[in-house]
Each structure stands twice: as structure tokens, then as C-alpha cells.
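J.: Here you go, this is final_5.pdb (PDB, C-alpha atoms and all ligand atoms).
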MODEL        1
ATOM      1  CA  MET A  10     -81.855  56.468 255.740
ATOM      2  CA  LYS A  11     -80.261  54.313 253.015
ATOM      3  CA  ILE A  12     -82.992  53.112 250.646
ATOM      4  CA  ALA A  13     -82.562  50.838 247.625
ATOM      5  CA  VAL A  14     -85.359  50.723 245.053
ATOM      6  CA  PHE A  15     -85.180  47.382 243.269
ATOM      7  CA  GLY A  16     -86.875  47.501 239.876
ATOM      8  CA  ALA A  17     -86.671  51.216 239.147
ATOM      9  CA  GLY A  18     -88.828  51.309 236.012
ATOM     10  CA  SER A  19     -91.488  54.011 235.893
ATOM     11  CA  LEU A  20     -93.055  53.757 239.377
ATOM     12  CA  GLY A  21     -89.798  52.805 241.127
ATOM     13  CA  SER A  22     -87.953  55.711 239.532
ATOM     14  CA  VAL A  23     -90.573  58.240 240.644
ATOM     15  CA  LEU A  24     -90.626  56.801 244.174
ATOM     16  CA  GLY A  25     -86.827  56.800 244.355
ATOM     17  CA  ALA A  26     -86.596  60.371 243.088
ATOM     18  CA  ILE A  27     -89.077  61.684 245.644
ATOM     19  CA  LEU A  28     -87.488  59.725 248.505
ATOM     20  CA  SER A  29     -84.024  61.000 247.546
ATOM     21  CA  ARG A  30     -85.096  64.408 248.884
ATOM     22  CA  LYS A  31     -84.327  63.191 252.415
ATOM     23  CA  ASN A  32     -82.597  59.835 251.976
ATOM     24  CA  ASP A  33     -79.608  58.217 250.272
ATOM     25  CA  VAL A  34     -81.317  56.372 247.442
ATOM     26  CA  LEU A  35     -79.952  53.733 245.102
ATOM     27  CA  LEU A  36     -81.972  52.832 242.007
ATOM     28  CA  ILE A  37     -81.553  49.295 240.727
ATOM     29  CA  THR A  38     -82.468  49.031 237.083
ATOM     30  CA  ARG A  39     -81.094  47.849 233.757
ATOM     31  CA  GLY A  40     -80.281  48.729 230.158
ATOM     32  CA  GLU A  41     -80.648  52.168 228.608
ATOM     33  CA  HIS A  42     -82.565  53.548 231.588
ATOM     34  CA  LEU A  43     -79.637  52.673 233.877
ATOM     35  CA  ARG A  44     -77.057  54.171 231.529
ATOM     36  CA  ALA A  45     -79.079  57.378 231.107
ATOM     37  CA  ILE A  46     -79.486  57.829 234.885
ATOM     38  CA  GLN A  47     -75.785  57.178 235.486
ATOM     39  CA  GLU A  48     -74.735  59.626 232.761
ATOM     40  CA  ASN A  49     -77.305  62.432 232.983
ATOM     41  CA  GLY A  50     -79.409  61.840 236.110
ATOM     42  CA  LEU A  51     -83.114  61.002 236.312
ATOM     43  CA  ARG A  52     -85.584  63.542 234.958
ATOM     44  CA  VAL A  53     -89.074  63.482 236.481
ATOM     45  CA  GLU A  54     -91.841  65.385 234.703
ATOM     46  CA  GLY A  55     -95.512  65.984 235.486
ATOM     47  CA  MET A  56     -96.536  66.279 239.141
ATOM     48  CA  VAL A  57     -92.853  66.936 239.956
ATOM     49  CA  ASN A  58     -90.482  68.665 237.549
ATOM     50  CA  ASP A  59     -86.858  68.150 238.415
ATOM     51  CA  LEU A  60     -83.580  66.479 237.562
ATOM     52  CA  PHE A  61     -82.403  64.056 240.252
ATOM     53  CA  HIS A  62     -78.809  62.898 240.534
ATOM     54  CA  ILE A  63     -79.270  59.496 242.117
ATOM     55  CA  ASP A  64     -76.937  56.504 242.342
ATOM     56  CA  ALA A  65     -77.970  53.668 240.051
ATOM     57  CA  LEU A  66     -76.684  50.106 239.636
ATOM     58  CA  ASP A  67     -77.777  46.905 237.921
ATOM     59  CA  HIS A  68     -77.565  44.798 241.106
ATOM     60  CA  TYR A  69     -78.282  45.004 244.818
ATOM     61  CA  PRO A  70     -75.018  45.498 246.742
ATOM     62  CA  GLY A  71     -76.583  45.066 250.232
ATOM     63  CA  GLY A  72     -76.018  47.287 253.272
ATOM     64  CA  PHE A  73     -79.286  49.267 253.100
ATOM     65  CA  ASP A  74     -81.796  50.198 255.843
ATOM     66  CA  LEU A  75     -84.762  49.585 253.579
ATOM     67  CA  LEU A  76     -85.453  47.896 250.263
ATOM     68  CA  ILE A  77     -88.410  48.965 248.143
ATOM     69  CA  LEU A  78     -89.503  46.440 245.572
ATOM     70  CA  THR A  79     -91.209  47.622 242.397
ATOM     71  CA  VAL A  80     -90.329  44.892 239.915
ATOM     72  CA  LYS A  81     -93.119  43.348 237.836
ATOM     73  CA  ALA A  82     -95.080  40.721 239.757
ATOM     74  CA  TYR A  83     -93.813  37.962 237.451
ATOM     75  CA  GLN A  84     -90.207  39.000 238.170
ATOM     76  CA  THR A  85     -90.610  38.586 241.943
ATOM     77  CA  GLU A  86     -88.856  35.228 242.123
ATOM     78  CA  SER A  87     -85.870  36.274 240.013
ATOM     79  CA  ALA A  88     -85.528  39.541 242.009
ATOM     80  CA  ALA A  89     -85.741  37.583 245.276
ATOM     81  CA  GLU A  90     -83.002  35.211 244.103
ATOM     82  CA  GLU A  91     -80.730  38.171 243.442
ATOM     83  CA  ILE A  92     -81.538  40.070 246.660
ATOM     84  CA  LYS A  93     -81.012  36.911 248.711
ATOM     85  CA  LYS A  94     -77.288  36.947 247.901
ATOM     86  CA  GLN A  95     -76.786  40.209 249.867
ATOM     87  CA  TYR A  96     -79.792  40.152 252.173
ATOM     88  CA  ASP A  97     -79.176  40.915 255.847
ATOM     89  CA  GLY A  98     -82.636  41.186 257.392
ATOM     90  CA  GLU A  99     -83.515  44.683 256.105
ATOM     91  CA  PRO A 100     -87.264  45.342 255.736
ATOM     92  CA  VAL A 101     -88.630  44.976 252.198
ATOM     93  CA  ILE A 102     -91.609  47.157 251.270
ATOM     94  CA  THR A 103     -93.404  45.891 248.186
ATOM     95  CA  PHE A 104     -95.406  48.310 246.044
ATOM     96  CA  GLN A 105     -95.804  45.710 243.287
ATOM     97  CA  ASN A 106     -99.142  45.168 241.644
ATOM     98  CA  GLY A 107    -100.987  41.908 241.967
ATOM     99  CA  VAL A 108    -102.063  39.175 244.329
ATOM    100  CA  GLY A 109     -99.512  36.625 245.593
ATOM    101  CA  VAL A 110     -96.245  38.594 245.642
ATOM    102  CA  VAL A 111     -96.146  38.977 249.449
ATOM    103  CA  ASP A 112     -96.298  35.193 249.852
ATOM    104  CA  ILE A 113     -93.505  34.695 247.324
ATOM    105  CA  LEU A 114     -91.277  37.185 249.171
ATOM    106  CA  LYS A 115     -92.011  35.582 252.539
ATOM    107  CA  LYS A 116     -91.062  32.209 251.098
ATOM    108  CA  TYR A 117     -87.575  33.657 250.575
ATOM    109  CA  GLY A 118     -87.404  34.641 254.257
ATOM    110  CA  PHE A 119     -87.620  38.407 253.689
ATOM    111  CA  ASP A 120     -89.026  40.745 256.342
ATOM    112  CA  VAL A 121     -91.890  42.019 254.182
ATOM    113  CA  ILE A 122     -93.938  45.175 254.734
ATOM    114  CA  PRO A 123     -96.812  45.141 252.233
ATOM    115  CA  GLY A 124     -97.645  48.387 250.499
ATOM    116  CA  VAL A 125    -100.117  49.663 247.930
ATOM    117  CA  THR A 126     -99.948  52.670 245.668
ATOM    118  CA  THR A 127    -102.159  54.096 242.964
ATOM    119  CA  MET A 128     -99.511  56.599 241.843
ATOM    120  CA  GLY A 129     -99.410  56.737 238.047
ATOM    121  CA  ALA A 130     -96.033  56.824 236.309
ATOM    122  CA  THR A 131     -94.827  56.270 232.751
ATOM    123  CA  ARG A 132     -91.306  55.980 231.372
ATOM    124  CA  THR A 133     -91.189  58.278 228.371
ATOM    125  CA  LEU A 134     -87.488  57.980 227.434
ATOM    126  CA  PRO A 135     -84.438  56.314 228.977
ATOM    127  CA  GLY A 136     -83.726  58.382 232.102
ATOM    128  CA  VAL A 137     -87.057  60.248 231.884
ATOM    129  CA  VAL A 138     -90.275  59.386 233.749
ATOM    130  CA  MET A 139     -93.635  61.096 233.714
ATOM    131  CA  TYR A 140     -95.272  61.250 237.142
ATOM    132  CA  ALA A 141     -98.800  61.419 235.804
ATOM    133  CA  GLY A 142    -101.010  61.128 238.886
ATOM    134  CA  TYR A 143    -100.582  61.491 242.658
ATOM    135  CA  GLY A 144    -102.762  58.560 243.689
ATOM    136  CA  ASP A 145    -102.702  57.271 247.272
ATOM    137  CA  THR A 146    -100.060  55.169 248.993
ATOM    138  CA  PHE A 147    -100.546  52.881 251.988
ATOM    139  CA  ILE A 148     -98.207  50.716 254.042
ATOM    140  CA  GLY A 149     -98.884  48.443 256.994
ATOM    141  CA  GLU A 150     -97.737  45.349 258.822
ATOM    142  CA  GLU A 151     -99.345  42.162 257.530
ATOM    143  CA  ASN A 152    -100.742  41.465 261.021
ATOM    144  CA  GLY A 153    -102.343  44.921 261.192
ATOM    145  CA  ARG A 154    -100.131  46.240 264.011
ATOM    146  CA  PHE A 155     -99.207  49.947 263.939
ATOM    147  CA  SER A 156     -95.530  49.220 264.501
ATOM    148  CA  GLU A 157     -92.980  51.930 265.215
ATOM    149  CA  ARG A 158     -91.002  51.086 262.081
ATOM    150  CA  VAL A 159     -93.957  51.448 259.754
ATOM    151  CA  ILE A 160     -94.904  54.767 261.354
ATOM    152  CA  HIS A 161     -91.269  55.879 260.996
ATOM    153  CA  PHE A 162     -91.171  54.951 257.288
ATOM    154  CA  ALA A 163     -94.485  56.686 256.637
ATOM    155  CA  GLU A 164     -93.266  59.875 258.368
ATOM    156  CA  ASN A 165     -90.051  59.838 256.369
ATOM    157  CA  PHE A 166     -91.934  59.310 253.068
ATOM    158  CA  THR A 167     -94.414  62.058 253.930
ATOM    159  CA  GLU A 168     -91.608  64.531 254.686
ATOM    160  CA  CYS A 169     -90.242  63.767 251.213
ATOM    161  CA  GLY A 170     -93.593  64.712 249.659
ATOM    162  CA  LEU A 171     -95.339  61.368 249.173
ATOM    163  CA  ARG A 172     -98.922  60.926 250.343
ATOM    164  CA  VAL A 173     -98.595  57.912 252.648
ATOM    165  CA  GLU A 174    -100.932  56.489 255.251
ATOM    166  CA  VAL A 175    -100.316  53.628 257.709
ATOM    167  CA  VAL A 176    -103.224  51.168 257.727
ATOM    168  CA  ASN A 177    -104.214  48.035 259.672
ATOM    169  CA  ASP A 178    -105.783  46.227 256.689
ATOM    170  CA  ILE A 179    -103.012  46.308 254.105
ATOM    171  CA  MET A 180    -103.611  42.772 252.753
ATOM    172  CA  GLU A 181    -107.280  43.570 252.034
ATOM    173  CA  ARG A 182    -106.152  46.773 250.354
ATOM    174  CA  ARG A 183    -103.746  44.837 248.161
ATOM    175  CA  TRP A 184    -106.668  42.663 247.014
ATOM    176  CA  VAL A 185    -108.792  45.737 246.355
ATOM    177  CA  LYS A 186    -105.908  47.346 244.458
ATOM    178  CA  ALA A 187    -105.611  44.188 242.310
ATOM    179  CA  ALA A 188    -109.333  44.526 241.575
ATOM    180  CA  ILE A 189    -108.872  48.184 240.581
ATOM    181  CA  ASN A 190    -105.976  47.148 238.324
ATOM    182  CA  ALA A 191    -108.203  44.423 236.830
ATOM    183  CA  CYS A 192    -110.692  47.168 235.861
ATOM    184  CA  ILE A 193    -108.093  49.495 234.348
ATOM    185  CA  ASN A 194    -105.005  47.667 233.107
ATOM    186  CA  PRO A 195    -106.283  45.012 230.653
ATOM    187  CA  LEU A 196    -108.827  47.323 229.037
ATOM    188  CA  THR A 197    -106.337  50.174 228.558
ATOM    189  CA  ALA A 198    -103.849  47.653 227.116
ATOM    190  CA  ILE A 199    -106.403  46.210 224.665
ATOM    191  CA  MET A 200    -107.836  49.599 223.618
ATOM    192  CA  ARG A 201    -104.390  51.274 223.760
ATOM    193  CA  VAL A 202    -105.730  54.292 225.603
ATOM    194  CA  PRO A 203    -104.623  56.270 228.671
ATOM    195  CA  ASN A 204    -106.568  55.543 231.869
ATOM    196  CA  GLY A 205    -108.837  58.602 231.522
ATOM    197  CA  LYS A 206    -110.423  57.259 228.304
ATOM    198  CA  LEU A 207    -112.085  54.477 230.316
ATOM    199  CA  ALA A 208    -114.573  57.118 231.496
ATOM    200  CA  ASP A 209    -115.980  57.150 227.929
ATOM    201  CA  LYS A 210    -119.612  55.989 228.036
ATOM    202  CA  GLU A 211    -118.920  52.877 225.939
ATOM    203  CA  LEU A 212    -115.848  51.695 227.853
ATOM    204  CA  VAL A 213    -117.283  52.519 231.259
ATOM    205  CA  GLU A 214    -119.845  49.742 230.688
ATOM    206  CA  ILE A 215    -116.994  47.228 230.492
ATOM    207  CA  VAL A 216    -115.288  48.741 233.552
ATOM    208  CA  LYS A 217    -118.587  48.318 235.429
ATOM    209  CA  CYS A 218    -118.946  44.667 234.417
ATOM    210  CA  VAL A 219    -115.350  43.851 235.432
ATOM    211  CA  ALA A 220    -115.699  45.813 238.689
ATOM    212  CA  ASP A 221    -118.931  44.090 239.716
ATOM    213  CA  GLU A 222    -117.369  40.684 239.144
ATOM    214  CA  CYS A 223    -114.351  41.711 241.245
ATOM    215  CA  SER A 224    -116.616  43.016 244.048
ATOM    216  CA  ALA A 225    -118.389  39.635 244.080
ATOM    217  CA  VAL A 226    -115.101  37.704 244.392
ATOM    218  CA  LEU A 227    -113.926  40.045 247.157
ATOM    219  CA  SER A 228    -117.180  39.786 249.083
ATOM    220  CA  ASP A 229    -116.854  35.963 249.038
ATOM    221  CA  MET A 230    -113.572  36.562 250.879
ATOM    222  CA  GLY A 231    -115.219  38.918 253.380
ATOM    223  CA  ILE A 232    -113.807  42.063 251.742
ATOM    224  CA  TYR A 233    -116.567  44.556 250.995
ATOM    225  CA  ALA A 234    -115.542  47.152 248.419
ATOM    226  CA  ASP A 235    -117.366  49.185 245.805
ATOM    227  CA  VAL A 236    -114.722  48.384 243.190
ATOM    228  CA  PHE A 237    -116.501  50.375 240.476
ATOM    229  CA  SER A 238    -116.431  53.683 242.423
ATOM    230  CA  LEU A 239    -112.855  53.076 243.518
ATOM    231  CA  ALA A 240    -111.726  52.284 239.965
ATOM    232  CA  MET A 241    -113.500  55.362 238.579
ATOM    233  CA  ASP A 242    -111.729  57.489 241.195
ATOM    234  CA  VAL A 243    -108.303  56.108 240.152
ATOM    235  CA  ILE A 244    -109.236  56.558 236.467
ATOM    236  CA  GLU A 245    -109.953  60.231 237.179
ATOM    237  CA  LYS A 246    -106.845  60.788 239.320
ATOM    238  CA  THR A 247    -104.505  59.082 236.813
ATOM    239  CA  ALA A 248    -106.375  60.125 233.649
ATOM    240  CA  LYS A 249    -103.250  60.972 231.666
ATOM    241  CA  ASN A 250    -101.343  57.858 232.715
ATOM    242  CA  ARG A 251    -100.735  54.954 230.398
ATOM    243  CA  SER A 252    -101.277  51.928 232.626
ATOM    244  CA  SER A 253     -98.365  49.645 233.376
ATOM    245  CA  MET A 254    -100.011  46.877 231.330
ATOM    246  CA  LEU A 255    -100.410  49.163 228.327
ATOM    247  CA  GLN A 256     -96.734  50.116 228.664
ATOM    248  CA  ASP A 257     -95.808  46.419 228.820
ATOM    249  CA  ILE A 258     -97.787  45.597 225.663
ATOM    250  CA  GLU A 259     -96.380  48.615 223.818
ATOM    251  CA  MET A 260     -92.838  47.541 224.705
ATOM    252  CA  GLY A 261     -93.464  43.918 223.704
ATOM    253  CA  ARG A 262     -93.051  42.692 227.291
ATOM    254  CA  LYS A 263     -94.911  40.072 229.290
ATOM    255  CA  THR A 264     -97.728  41.540 231.423
ATOM    256  CA  GLU A 265     -98.920  41.077 235.015
ATOM    257  CA  ILE A 266    -102.266  39.691 233.850
ATOM    258  CA  ASP A 267    -101.916  36.441 235.868
ATOM    259  CA  PHE A 268    -101.422  38.377 239.116
ATOM    260  CA  ILE A 269    -104.043  41.057 238.373
ATOM    261  CA  THR A 270    -106.946  39.497 236.473
ATOM    262  CA  GLY A 271    -106.021  35.866 237.221
ATOM    263  CA  PRO A 272    -107.689  35.871 240.677
ATOM    264  CA  PHE A 273    -110.973  37.183 239.206
ATOM    265  CA  ILE A 274    -111.448  35.052 236.068
ATOM    266  CA  GLN A 275    -114.505  33.228 237.285
ATOM    267  CA  GLY A 276    -116.427  36.271 235.973
ATOM    268  CA  MET A 277    -117.080  36.371 232.210
ATOM    269  CA  CYS A 278    -115.876  39.955 231.612
ATOM    270  CA  ASN A 279    -112.622  39.319 233.466
ATOM    271  CA  LYS A 280    -112.211  36.025 231.648
ATOM    272  CA  MET A 281    -112.570  37.675 228.231
ATOM    273  CA  LEU A 282    -110.063  40.420 229.030
ATOM    274  CA  TYR A 283    -107.682  37.830 230.496
ATOM    275  CA  HIS A 284    -107.624  35.765 227.303
ATOM    276  CA  MET A 285    -107.382  38.815 225.047
ATOM    277  CA  VAL A 286    -104.307  40.039 226.915
ATOM    278  CA  LYS A 287    -102.805  36.543 226.908
ATOM    279  CA  PHE A 288    -103.294  36.513 223.142
ATOM    280  CA  MET A 289    -101.677  39.961 222.807
ATOM    281  CA  GLU A 290     -98.698  38.806 224.856
ATOM    282  CA  LYS A 291     -97.928  36.283 222.123
TER     283      LYS A 291
HETATM  284  O1  LIG A 301    -100.621  49.591 237.024
HETATM  285  C1  LIG A 301    -100.846  50.807 236.910
HETATM  286  O2  LIG A 301    -100.704  51.429 235.843
HETATM  287  C2  LIG A 301    -101.241  51.591 238.154
HETATM  288  O3  LIG A 301    -101.381  50.666 239.215
HETATM  289  C3  LIG A 301    -102.508  52.443 238.033
HETATM  290  C4  LIG A 301    -102.898  52.914 239.404
HETATM  291  C5  LIG A 301    -103.652  51.681 237.396
HETATM  292  C6  LIG A 301    -102.238  53.716 237.283
HETATM  293  O4  LIG A 301    -102.013  53.557 235.928
ENDMDL
END
Let me see whether you can do it: turn the structure in this file into C-alpha cells.
T.:
Amino acid sequence: MKIAVFGAGSLGSVLGAILSRKNDVLLITRGEHLRAIQENGLRVEGMVNDLFHIDALDHYPGGFDLLILTVKAYQTESAAEEIKKQYDGEPVITFQNGVGVVDILKKYGFDVIPGVTTMGATRTLPGVVMYAGYGDTFIGEENGRFSERVIHFAENFTECGLRVEVVNDIMERRWVKAAINACINPLTAIMRVPNGKLADKELVEIVKCVADECSAVLSDMGIYADVFSLAMDVIEKTAKNRSSMLQDIEMGRKTEIDFITGPFIQGMCNKMLYHMVKFMEK
């Protein structure tokens, strides 16, 4: 299968590398990371240790069986504008963080398959990514149907070595994942610590407050999830990972706070973290 990964930063690079074991993969990325991959290949360290020689470009040339989108949530519109130029109806799986990206992609007329992953990945150097935690990955049709194509993609991904499950409640899972990110990402970015440090007895109190507020928002929507237990599980599984928001702050980039914590700011703990991260972004 020909797969293009659009937005091959840390997570996209790891996904692309693993999927290249059984597919023709193209990584779409920019800058030094692109140049390093083109010149020396992509090195993955951690859960997988290997050098992958994968095609990489700075634009989407079209002609692929599947597009995987891993750009930052706030880059969805600009990515969609670019993809649109070459788009020919190929399915687009999004593993992006945050609430709202599926609707943006649908607005552009893409055939979207929502996905969720808690894999932890960090870019350590141009051309080098640390795959710091397995996490779990889910895909599913938005209407909950177990379609042949989703089963086919999941089988292909599993053969490559990813842990993937097809589910009938992917949109709920994307909300729950946003809640888990709301517990982990802002706090790791503010405290500048890897995910595992949130298990410290001081910080865990804040995680609990954020998680309980998220559970309340979700239950108002009819989604019942023990966000605290789920977040603690991800914290343990990705203990060594530096969250994507921490990486964004460290690199002086904008963060995904609006898409992650934004939907939960009616709670005081979420609201405080939201404004602290907004301040740090400046
Ligand atoms: O955004 C992230 O960093 C990841 O979604 C996760 C699962 C929190 C791991 O760091």
C-alpha cells in the first residue's frame, strides 16, 4: 500500500517508520528534519532501534492509497489547503490530538477515518526520533461501522508491528483522548518535566483536579470515562516521553492548548492551566 504521512514530526515519523516495514511510505515534513531524512535516513530509537530509509518531501504529490495526518491541530486548515490541490478521494486517517479536527477535515471534503493514539514520541535531533512509549492506537469509522477498509488498514498496521484496534466509538475516544491530553500536556509543559513526573505526589493532585473536571464535561455529553485512571495509565506507559506540548514550548512553537484544554475550561484547574500555557506561548 502507498501511504503518505503528512506532518512527519515526532509521532508521524515513528508511525511512518513502522508502517514502512510493509508499505511504500512517504514522509511529508520540513526544514532540517526533512534534509536529515533525505540525506541519512530516519533513525528511530527507544521501543524500536533502527535506521529507516524512507522517501521524504516537503509537499504532498498525490497518488497515494492512504494519507495519515499528524500535523498539529492548529495546522489542520493549512495542511488541508495543501492536500486539496492533489486530493483524489483517498482516505485520510487523522491521529492528531484535540477536539474539532475531524470536522475541519470534513469541511474540506476529505474522506476522514478518525484515529486515536497514545504512542509517545519525541524528536531528539533532525532525522532522529525517540519512540518512548507503545501506547494504544484505535481507528474506526465515524458512524461506528466495522467497514472492510478500516479492518484492512488495522490488519496492515498490526502486521507492521503497531498495536491497533478497530472500534465503533472512535469519536467518543477522541474526546477521551483530548481529556487525557488535558491532564498531561499543559502540566508537563508548565513544569518542564517528562510525563512520568506527573505521578509525583504533589503533581498528581493537579492531574486529579483536571481529570475530574474533564470527566464532568464528558459525562454531560453522555461519555462516561474515569479520566484520572486513564491519564495515570498513559503517564505510566509514556513515563519517559516529553509531551508534545512540552516539546512545542521548548521549541518556541505555538501549542495545541485551544484544541486540548479549550473544550474543558469551564473547570477552574483546566482554566488556570489554559491561561498559563497561553501566557507561555507569548
Ligand atoms: O501529546 C502527547 O504528547 C501524547 O498524546 C501523549 C500520549 C500525552 C504522550 O506524550
J.: List all protein, DNA and RNA residues that have any atom at most 8 Å from ligand LIG 301 (chain A), counting only C-alpha atoms and all ligand atoms, and write the list as a ChimeraX atom specification.
T.: /A:106,126-130,142,144,186,189-190,193-194,204,243-244,247,250-255
J.: Compile the contact shell of range 29-42 of chain A as a PDB file with C-alpha atoms, in the coordinates of the input: residues with an atom at most 7 Å away, counting only C-alpha atoms, same-chain residues fewer than 4 positions apart removed.
T.:
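File written: result_17.pdb
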ATOM      1  CA  MET A  10     -81.855  56.468 255.740  1.00  0.00           C
ATOM      2  CA  LYS A  11     -80.261  54.313 253.015  1.00  0.00           C
ATOM      3  CA  ILE A  12     -82.992  53.112 250.646  1.00  0.00           C
ATOM      4  CA  ALA A  13     -82.562  50.838 247.625  1.00  0.00           C
ATOM      5  CA  VAL A  14     -85.359  50.723 245.053  1.00  0.00           C
ATOM      6  CA  PHE A  15     -85.180  47.382 243.269  1.00  0.00           C
ATOM      7  CA  GLY A  16     -86.875  47.501 239.876  1.00  0.00           C
ATOM      8  CA  ALA A  17     -86.671  51.216 239.147  1.00  0.00           C
ATOM      9  CA  GLY A  18     -88.828  51.309 236.012  1.00  0.00           C
ATOM     10  CA  GLY A  25     -86.827  56.800 244.355  1.00  0.00           C
ATOM     11  CA  ILE A  46     -79.486  57.829 234.885  1.00  0.00           C
ATOM     12  CA  ILE A  63     -79.270  59.496 242.117  1.00  0.00           C
ATOM     13  CA  ASP A  64     -76.937  56.504 242.342  1.00  0.00           C
ATOM     14  CA  ALA A  65     -77.970  53.668 240.051  1.00  0.00           C
ATOM     15  CA  LEU A  66     -76.684  50.106 239.636  1.00  0.00           C
ATOM     16  CA  ASP A  67     -77.777  46.905 237.921  1.00  0.00           C
ATOM     17  CA  HIS A  68     -77.565  44.798 241.106  1.00  0.00           C
ATOM     18  CA  TYR A  69     -78.282  45.004 244.818  1.00  0.00           C
ATOM     19  CA  PRO A 135     -84.438  56.314 228.977  1.00  0.00           C
ATOM     20  CA  GLY A 136     -83.726  58.382 232.102  1.00  0.00           C
ATOM     21  CA  CYS A 169     -90.242  63.767 251.213  1.00  0.00           C
TER      22      CYS A 169
END
J.: Name the residues that the PyMOL selection byres (((chain A and resi 266-275) around 7) and not hetatm) pulls out of this structure, and write them as a list in words.
T.: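 Applying the expression gives Ala82, Gly107, Val108, Gly109, Ala187, Asn190, Ala191, Cys223, Val226, Thr264, Glu265, Gly276, Met277, Asn279, Lys280 and Tyr283 of chain A.
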J.: Residues within 12 Å of (-91.1, 36.6, 241.2), file coordinates, counting only C-alpha atoms: what are they? Give the list as a PDB file with C-alpha atoms, in the frame of the given file.
T.:
ATOM      1  CA  GLY A  16     -86.875  47.501 239.876  1.00  0.00           C
ATOM      2  CA  LEU A  78     -89.503  46.440 245.572  1.00  0.00           C
ATOM      3  CA  THR A  79     -91.209  47.622 242.397  1.00  0.00           C
ATOM      4  CA  VAL A  80     -90.329  44.892 239.915  1.00  0.00           C
ATOM      5  CA  LYS A  81     -93.119  43.348 237.836  1.00  0.00           C
ATOM      6  CA  ALA A  82     -95.080  40.721 239.757  1.00  0.00           C
ATOM      7  CA  TYR A  83     -93.813  37.962 237.451  1.00  0.00           C
ATOM      8  CA  GLN A  84     -90.207  39.000 238.170  1.00  0.00           C
ATOM      9  CA  THR A  85     -90.610  38.586 241.943  1.00  0.00           C
ATOM     10  CA  GLU A  86     -88.856  35.228 242.123  1.00  0.00           C
ATOM     11  CA  SER A  87     -85.870  36.274 240.013  1.00  0.00           C
ATOM     12  CA  ALA A  88     -85.528  39.541 242.009  1.00  0.00           C
ATOM     13  CA  ALA A  89     -85.741  37.583 245.276  1.00  0.00           C
ATOM     14  CA  GLU A  90     -83.002  35.211 244.103  1.00  0.00           C
ATOM     15  CA  GLU A  91     -80.730  38.171 243.442  1.00  0.00           C
ATOM     16  CA  ILE A  92     -81.538  40.070 246.660  1.00  0.00           C
ATOM     17  CA  THR A 103     -93.404  45.891 248.186  1.00  0.00           C
ATOM     18  CA  GLN A 105     -95.804  45.710 243.287  1.00  0.00           C
ATOM     19  CA  ASN A 106     -99.142  45.168 241.644  1.00  0.00           C
ATOM     20  CA  GLY A 107    -100.987  41.908 241.967  1.00  0.00           C
ATOM     21  CA  VAL A 108    -102.063  39.175 244.329  1.00  0.00           C
ATOM     22  CA  GLY A 109     -99.512  36.625 245.593  1.00  0.00           C
ATOM     23  CA  VAL A 110     -96.245  38.594 245.642  1.00  0.00           C
ATOM     24  CA  VAL A 111     -96.146  38.977 249.449  1.00  0.00           C
ATOM     25  CA  ASP A 112     -96.298  35.193 249.852  1.00  0.00           C
ATOM     26  CA  ILE A 113     -93.505  34.695 247.324  1.00  0.00           C
ATOM     27  CA  LEU A 114     -91.277  37.185 249.171  1.00  0.00           C
ATOM     28  CA  LYS A 115     -92.011  35.582 252.539  1.00  0.00           C
ATOM     29  CA  LYS A 116     -91.062  32.209 251.098  1.00  0.00           C
ATOM     30  CA  TYR A 117     -87.575  33.657 250.575  1.00  0.00           C
ATOM     31  CA  GLU A 265     -98.920  41.077 235.015  1.00  0.00           C
ATOM     32  CA  PHE A 268    -101.422  38.377 239.116  1.00  0.00           C
TER      33      PHE A 268
END
J.: Which of these, A:Cys192, A:Ile160, A:Val176, A:Leu24, has the shortest distance to Leu282 in chain A once you count only C-alpha atoms?
T.: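 Selected residue with least distance to Leu282 in chain A: A:Cys192.
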J.: Which residues come within 10 Å of Thr131 in chain A, counting all atoms listed in the file, excluding same-chain residues fewer than 3 positions away, as JSON, numbers by chain?
T.: {"A": [18, 19, 20, 22, 23, 53, 54, 134, 137, 138, 139, 140, 141, 142, 249, 250, 251, 252, 253, 256]}
J.: State, in Å with one decimal place, the distance from CA of Leu212 in chain A to CA of Pro195 in chain A.
T.: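 CA of Pro195 in chain A lies 12.0 Å from CA of Leu212 in chain A.
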J.: Report, in Å with one decimal, the straight-line distance from CA of Arg183 in chain A to CA of Asp257 in chain A.
T.: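 Answer for the CA of Arg183 in chain A to CA of Asp257 in chain A separation: 21.0 Å.
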J.: Write out as a PyMOL selection string which residues come within 10 Å of Gly153 in chain A when counting all atoms listed in the file, dropping same-chain ones fewer than 2 positions away.
T.: chain A and resi 149-151+155-156+175-180
